[in-house]
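Please read the structure below before turning to the comments.
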There are 2 protein chains.
Amino acid sequence: MYRTHNNGALRAEHINETVTLAGWVQKSRDKGFMIWVDLRDRYGITQLIFDEERTPKEVMDLAKTLGREFVIQVTGKVIERESKNAKMATGDVELLVEKLEVLNQAKTPPFTIEDTTDGGEDLRMKYRYLDIRRNPVKEKLIFRHKVSIAVRNYLSEQGFIEVETPYLIKSTPEGARDFVVPSRMNEGQFYALPQSPQTFKQLLMVGGMDKYFQIVKCFRDEDLRADRQPEFTQIDCEMAFVEQEDILNIFEGLTKHLLKEVVGFEIENFPRMTYDEAMAKYGNDKPDIRFGMEFGELNAVAQHKDFKVFNSAELVVGIAVPGGAGYTRKEIDKLIDWVKRPQVGALGMVYVKCNEDGSFKSSVDKFYDQEDLAKWAEATGAKPGDLICVLSGESFKTRTQLSALRMELGNQMGLRKSDEFAPLWVVDFPLLEWDEETERYHAMHHPFTSPKPGQLELLDTNPGAVKANAYDLVLNGNEIGGGSIRIHDKETQSKMFDYLGFTKEEAQAQFGFLMDAFQYGAPPHGGLAFGLDRLVAILGGQETIRDFIAFPKNNAGRDVMIDAPAKIDEAQLKELNLKVTL
Amino acid sequence: MYRTHNNGALRAEHINETVTLAGWVQKSRDKGFMIWVDLRDRYGITQLIFDEERTPKEVMDLAKTLGREFVIQVTGKVIERESKNAKMATGDVELLVEKLEVLNQAKTPPFTIEDTTDGGEDLRMKYRYLDIRRNPVKEKLIFRHKVSIAVRNYLSEQGFIEVETPYLIKSTPEGARDFVVPSRMNEGQFYALPQSPQTFKQLLMVGGMDKYFQIVKCFRDEDLRADRQPEFTQIDCEMAFVEQEDILNIFEGLTKHLLKEVVGFEIENFPRMTYDEAMAKYGNDKPDIRFGMEFGELNAVAQHKDFKVFNSAELVVGIAVPGGAGYTRKEIDKLIDWVKRPQVGALGMVYVKCNEDGSFKSSVDKFYDQEDLAKWAEATGAKPGDLICVLSGESFKTRTQLSALRMELGNQMGLRKSDEFAPLWVVDFPLLEWDEETERYHAMHHPFTSPKPGQLELLDTNPGAVKANAYDLVLNGNEIGGGSIRIHDKETQSKMFDYLGFTKEEAQAQFGFLMDAFQYGAPPHGGLAFGLDRLVAILGGQETIRDFIAFPKNNAGRDVMIDAPAKIDEAQLKELNLKVTL
């Protein structure tokens, strides 16, 4: 027994008890005749006191040698603290040390183990085990645990069964790139690590498991954009005998439960919006609805004059910035520069100041009169004192640009509050999306997504218009989950593979087992998957996922702490019948 | 909404309600004017009735076309059943069908979907999704879920934090063979899949996480013996500032909790036994203590006569078989043949019948008198009516052979009851074990295991005698978990790597990060891992793990359902800079 209490436990009621503590030296103040040491562990900090008059000399001498992050064990009497510290849970007491043992020494850490550290990202990742000692990182990992266990218990109580699906599966060229695993026992053959347990969870539905979930690692060998990881965690779910509405209700319940249990945030309103509506109102399929600034389409009220920029545009669209009429010329120019940055890509921005007296002042006064501008204000919902920002051009691009501006303004104006949560279902996603590169349609969700009833026929005539029973859960402007009702009959699935460019042979080789399964009594089914890393980050009031992962990889897919990946022995390669061709 | 109730829900109280059910056709009995269908889902079976007089004709006609495993949806009125079935939860009622929709047809399944099926192992695995519809398989997966969630909640309540450790790590030649994963972004380099999160959990202790657990997949590329899987699941745990006793107490608590909560078995007695004692008493480091037949060593009372077989043996050892004096000559010969099988490998067996009248009759009466045999009976605890079985030879081999005989007799005599549970800690394992093949010592547990205090010095003089703070949890004769107190200082760890034949450079390259970490204030720590697959199987009263795994692989490491592993595209290989050299 190394300790009788942890370092967050002692209170006034323990005064006069003799206790043993263990932990790390957070800091030490040596006044010569008296030494104070802050002793830290996961649970808190307790102040130790070594006192020339009351502490044995050899203990006093040893205490003087203690450095930061030394691991020590102390025994002593709990005493009342002269100057109490109300900010510390243990701030009423301190421990007058009688015995001290150094359990392990410590070199000076490469960065400070404080809430705000002097260590840069690279250093922190190399010494991640030291970084984890810091409260903000430790708390995020504990928070993640709380979210996970809350998810598990909630779904269990709803009758879901967590079933572990295999990690060593088969590579399929559809979708993102697989990580592969050479098989030694099956010469020349490879497993793949799952990008998701999609087909397995569908087979569990065919198998009658009825309600399945799993918190599971998934893998994608993508070129890593910022804040993506090659291995990531999903809350993966599937249900049989359900329609879209059943699924939305269950996971609306889960989301509300998490917000309440883990964050203490109660929410009544859980809106649903079609994909088309989200695109029209926010220019985005994952809108942040914590704030307004909804889009107003201006084609009808802006294309009747001689302003060629608007007249030649597919879409003219604006938003009203609350209180923006007071912006200086310089501030407005900054916004214009912002939308013209290559990352956003607008060619320019038209603006209208809605003055408090009801008049308008715009950058296109040459073309539009007060009556025109009044109509713009009406379409964008602008009030006296607001600023209308207008972009124009090809519809999809222009919406995307205005959406970026809206989010930027939301950030600038502090409207995206991290302690406020606004979930939203976006439903009726298109089944297919056009891929510029390959010049063909791809499955927007995945090839197992069911088109809406009666729309399969549209595939041949107007594929882009086919809507799917597919839905995303959006939270504070982030997609945290998505799913669909699946195809559950062989004929439709086969037709979908045809459409997506699979030959009959390819479809059979890769997904034959699934289409076979559909012939033995497959129930209607559907489900969804939440990205746990992002869900946890957003519930934790943050948008970057890395600190919510214990041992993340960097943008090159490397673990810089253990220095992986690495070369392997020739003997290993030989056993696998492999040769590196570099 | 596909259903108002599931198929296990309806009771007498529902009579006269109109309900909608969905599920699979378990079976159908067509009497012409009346058809009964058993409708099945995860939750149970409900009897449907179609009746010429009360069911619409088109529904009646459609009902006649239903085959086994068709997926249907029915609406009708709950009525009282004429001949009630007390064995079925829904046996008081049946559903008089008014509406019937076939949601999906089914081909005739390749084996019967019944508790006892006509399908062989290979067929069941190929169509695992049909196998899972069978109650025994479905129940095992649900049972596994219950065990997992009970483990998670118990450990959480004890302050453990579940932390996800990475799956893409680094290959280390120590231990079993790694599965490797080529990295596309880091050319010519490989990740490895973890054999266990050992080093990461130790780093979490260095990081102050204090109490860690994780239910996690692990991977070993071994030639598969029966009932081994290339991917398997561990309950992985680690604690800081603990001694062996602390760990045993916590996981004794977990084991008792699981037995009580999941199996309904309360246990008071949780014995501890040293490795040496287990070997001496049971010839086995994972003894089944549900029954006795402890070993009696006979060297002192059997090597004083002219029987050369015993006199030349390192060990003479026997067990008393309760009631075995009544065995016929033929039955005894069968036992002798059994120990002489190559899998056991004894050269012969001496036996003594302990007659009810207190006299003895042995196969070595030529050498030993009644007084000698009485001493054997005393040493083995044999009572009148028992049979003493005696083996002799080299100590370790002889103990192993007698242990095999003891287990066989336990099985034959029905002493290994599947509804009885006898857990046991085996402690004080040797640090090292001699490997005949490489002619050197290997770490018995792993290279991070701490020798017992003060025994490090023995390494140079008598390495086989060094004991470790290592322990196994044994349940009903199966090792279900094991762990140790770890080394937590660089010097000892470095010495251990030396001893195990690592060069300084190899140790640094493979485990430098861990030894670095030990220099920054590593606390004393230890932990253990349970094999979840086996734990669940044993709690479920079985000894084979395969049916407790949703999608297991066969002995060649293949998933015969999805047909993995498989060849991959040349393009994929090229991206990975790899060539198959077959």
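Convention: chains lettered A, B, ... in structure tokens order; per-chain residue numbering from 1; ligands numbered from 1 as shown.
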Open item on the list: Tell me as an NGL selection string which residues belonging to chain B come within 6 Å of chain A, counting only C-alpha atoms.
Closed with: :B and (2 or 42 or 69-71 or 104-107 or 129-130 or 132-133 or 145 or 162 or 169-170 or 180-181 or 189-191 or 203 or 207-208 or 241 or 513 or 519-521 or 562 or 564-567 or 577-581)
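Between chain A and chain B, which have the same sequence, the C-alpha root-mean-square deviation after superposition works out to 0.1 Å.
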Task: Atomic distance atom CA of Lys286 of chain B - atom CA of Gly477 of chain B, expressed in Å with one decimal - done: 5.3 Å
Task: 6 Å contact set for segment 384-389 of chain A, only C-alpha atoms, chain neighbours under 3 positions out, as an MDAnalysis selection string - done: chainID A and resid 318:325 350:356 358
Dump of C-alpha atoms for the selected residues, as an mmCIF file, in the first residue's frame:
data_model
loop_
_atom_site.group_PDB
_atom_site.id
_atom_site.type_symbol
_atom_site.label_atom_id
_atom_site.label_comp_id
_atom_site.auth_asym_id
_atom_site.auth_seq_id
_atom_site.Cartn_x
_atom_site.Cartn_y
_atom_site.Cartn_z
ATOM 1 C CA GLY A 318 -26.679 37.954 -49.252
ATOM 2 C CA ILE A 319 -26.646 37.903 -45.470
ATOM 3 C CA ALA A 320 -27.454 40.581 -42.944
ATOM 4 C CA VAL A 321 -24.727 41.233 -40.358
ATOM 5 C CA PRO A 322 -26.387 42.485 -37.162
ATOM 6 C CA GLY A 323 -25.056 45.910 -36.227
ATOM 7 C CA GLY A 324 -22.734 45.921 -39.215
ATOM 8 C CA ALA A 325 -23.867 49.304 -40.522
ATOM 9 C CA VAL A 350 -21.133 44.036 -52.640
ATOM 10 C CA TYR A 351 -22.344 45.606 -49.405
ATOM 11 C CA VAL A 352 -25.288 47.653 -48.230
ATOM 12 C CA LYS A 353 -25.329 49.683 -45.013
ATOM 13 C CA CYS A 354 -28.831 49.816 -43.578
ATOM 14 C CA ASN A 355 -28.789 53.116 -41.787
ATOM 15 C CA GLU A 356 -30.689 53.692 -38.553
ATOM 16 C CA GLY A 358 -34.148 53.678 -42.791
#
Open item on the list: When DSSP is applied to the backbone of this structure, which of segment 103-254 of chain B are assigned alpha helix (DSSP H)? Write them out as a VMD selection string.
Closed with: chain B and resid 121 to 126 128 to 131 135 to 157 198 to 206 244 to 254
